[in-house]
Amino acid sequence: MNKPKRVLIFTGLILVLGGVLAVSGCAPTVVREPTGSMDTPQHHVFSGKKMLDKMDLDGAIREFNLAIELDPKFSPAYQGLGVALGLKKDFNAAYEAMSKASKYSRTKDEEAMAYVGFMRLNTLEKKKGWLEEVEAYYHKAVGRVEGLPDAYYYLGLAYKEGYRFSDAEKAFKQVLTINKTFVGEADEQLKLVQKIQRAMPGTEVGKKIALQDKITRADCAALFIHELLLEKVYEKNKKLSPKPVTLPPDVKDHPLKVDVEAILRIGLRGLEVYPDGKFRPDDYVTRAVYAMMVEDIIVTVSRDQALSVKHVGSPSPFPDVRNDAPYFNAVMVCTTRGIMEGSNMMTGQFNPEGQVSGASALLAIRNLKENLRVF
């Protein structure tokens, strides 16, 4: 074979090899071979999302990484991994994973979901300008996939976290209008933000506590001091202790120490120091105890001590509240005045041992203001 032919053949082999390498470079590089029919990137992402829903973050991360091992350019795996890492507060790694979700997206849907992932991370981290970032990624997401319920749902959550309850309401309603996914979740969130709007929290403390599923004794102290200005009201009624208050040891370093101290000066029933000398600021409050707190405020402000025994011995309208229970009169005072209501319209139960959400506590405070008209 002469030299020119050898050169042509060699050049041709180089071109063919280069083409093969170019094609293989665009395709996912398999790190490991699947061990069974269910060992697929899609199945691991499905399992990872289920674990995310259960807040099994380590399990979710394991599943997403298994998907990536099979396909290192599988965008949904990086999207799920980014969310899981964000929930673990590992934001540097979370944003890196979400960037890969965007980089490796193969369809408009995958690209849009990566943008939704960035919305979620910004909402979790809440760095300076986070809400504007969420809005920007929202516009990118719906720009790729119009009418994407995920984008509207997580925009609603971001607005709720940013105390823009009216905007959150609109976003959740849009999810219901689209009527594809997140319908149940959006409906629940819509009811919550509407309840918060009815409660009309007037302070940053109130808005923050409004988002909580359950409130603590310290939260109650903060709500009464900030939303009701209870200290000033009790000063007018000469109900403040003239003696300095000795703070319980479990309150001295608590973030709401000042509010707890003010409540202890007031001596509000249901928020006293326990016999062991502790306040237990982080214990959750039940509906029965919250009713006792509200009753004490009504009796004091109205200067009607007869209210504290008005319903004693009366029949109970609630199947789960006995009329000899220590909180029975308080429950009756609150419910007959429309300040609190039963927790289950179907069964008529009050649910005295149920916990109090921030929105419910604020709505009761709102009703209390309207009832007494002195706040």
# chains A, B, ... in the order shown; residues from 1 in each chain; ligands from 1
>>> residues_around(residues="A:Tyr78", least_positions_apart="4", cutoff="8 Å", atoms="only C-alpha atoms", output="list in words")
Phe64, Ile68, Phe74, Gly82, Ala97, Met98, Lys100 and Ala101 of chain A
>>> write_last_selection(atoms="C-alpha atoms", output="PDB file, in the first residue's frame")
ATOM      1  CA  PHE A  64     -31.576  10.592  43.724  1.00  0.00           C
ATOM      2  CA  ILE A  68     -27.489   9.872  38.929  1.00  0.00           C
ATOM      3  CA  PHE A  74     -30.716  12.930  34.356  1.00  0.00           C
ATOM      4  CA  GLY A  82     -31.327  20.011  45.076  1.00  0.00           C
ATOM      5  CA  ALA A  97     -27.419  20.321  42.005  1.00  0.00           C
ATOM      6  CA  MET A  98     -30.218  22.584  40.747  1.00  0.00           C
ATOM      7  CA  LYS A 100     -27.127  20.733  36.874  1.00  0.00           C
ATOM      8  CA  ALA A 101     -30.861  20.062  36.686  1.00  0.00           C
TER       9      ALA A 101
END
>>> closest_residue(among="A:Val245, A:Leu228, A:Val289, A:Ala67", to="A:Ser47", atoms="only C-alpha atoms")
A:Ala67
>>> atom_distance(atom1="atom CA of A:Phe279", atom2="atom CA of A:Thr246")
11.3 Å
>>> atom_distance(atom1="atom CA of A:Leu157", atom2="atom CA of A:Ala171")
8.7 Å
>>> closest_residue(among="A:Arg217, A:Lys191, A:Arg32, A:Arg373", to="A:Val273", atoms="only C-alpha atoms")
A:Arg217
>>> residues_around(residues="stretch 91-94 of chain A", least_positions_apart="5", cutoff="10 Å", atoms="only C-alpha atoms", output="list in words")
Tyr78, Gln79, Gly80, Leu81, Gly82, Val83, Ala84, Leu85, Gly86, Ser99, Gly117, Phe118, Leu121, Asn122, Leu124 and Glu125 of chain A
>>> residues_around(residues="A:Val175", least_positions_apart="3", cutoff="12 Å", atoms="only C-alpha atoms", output="PyMOL selection string")
chain A and resi 147-157+168-172+178-190
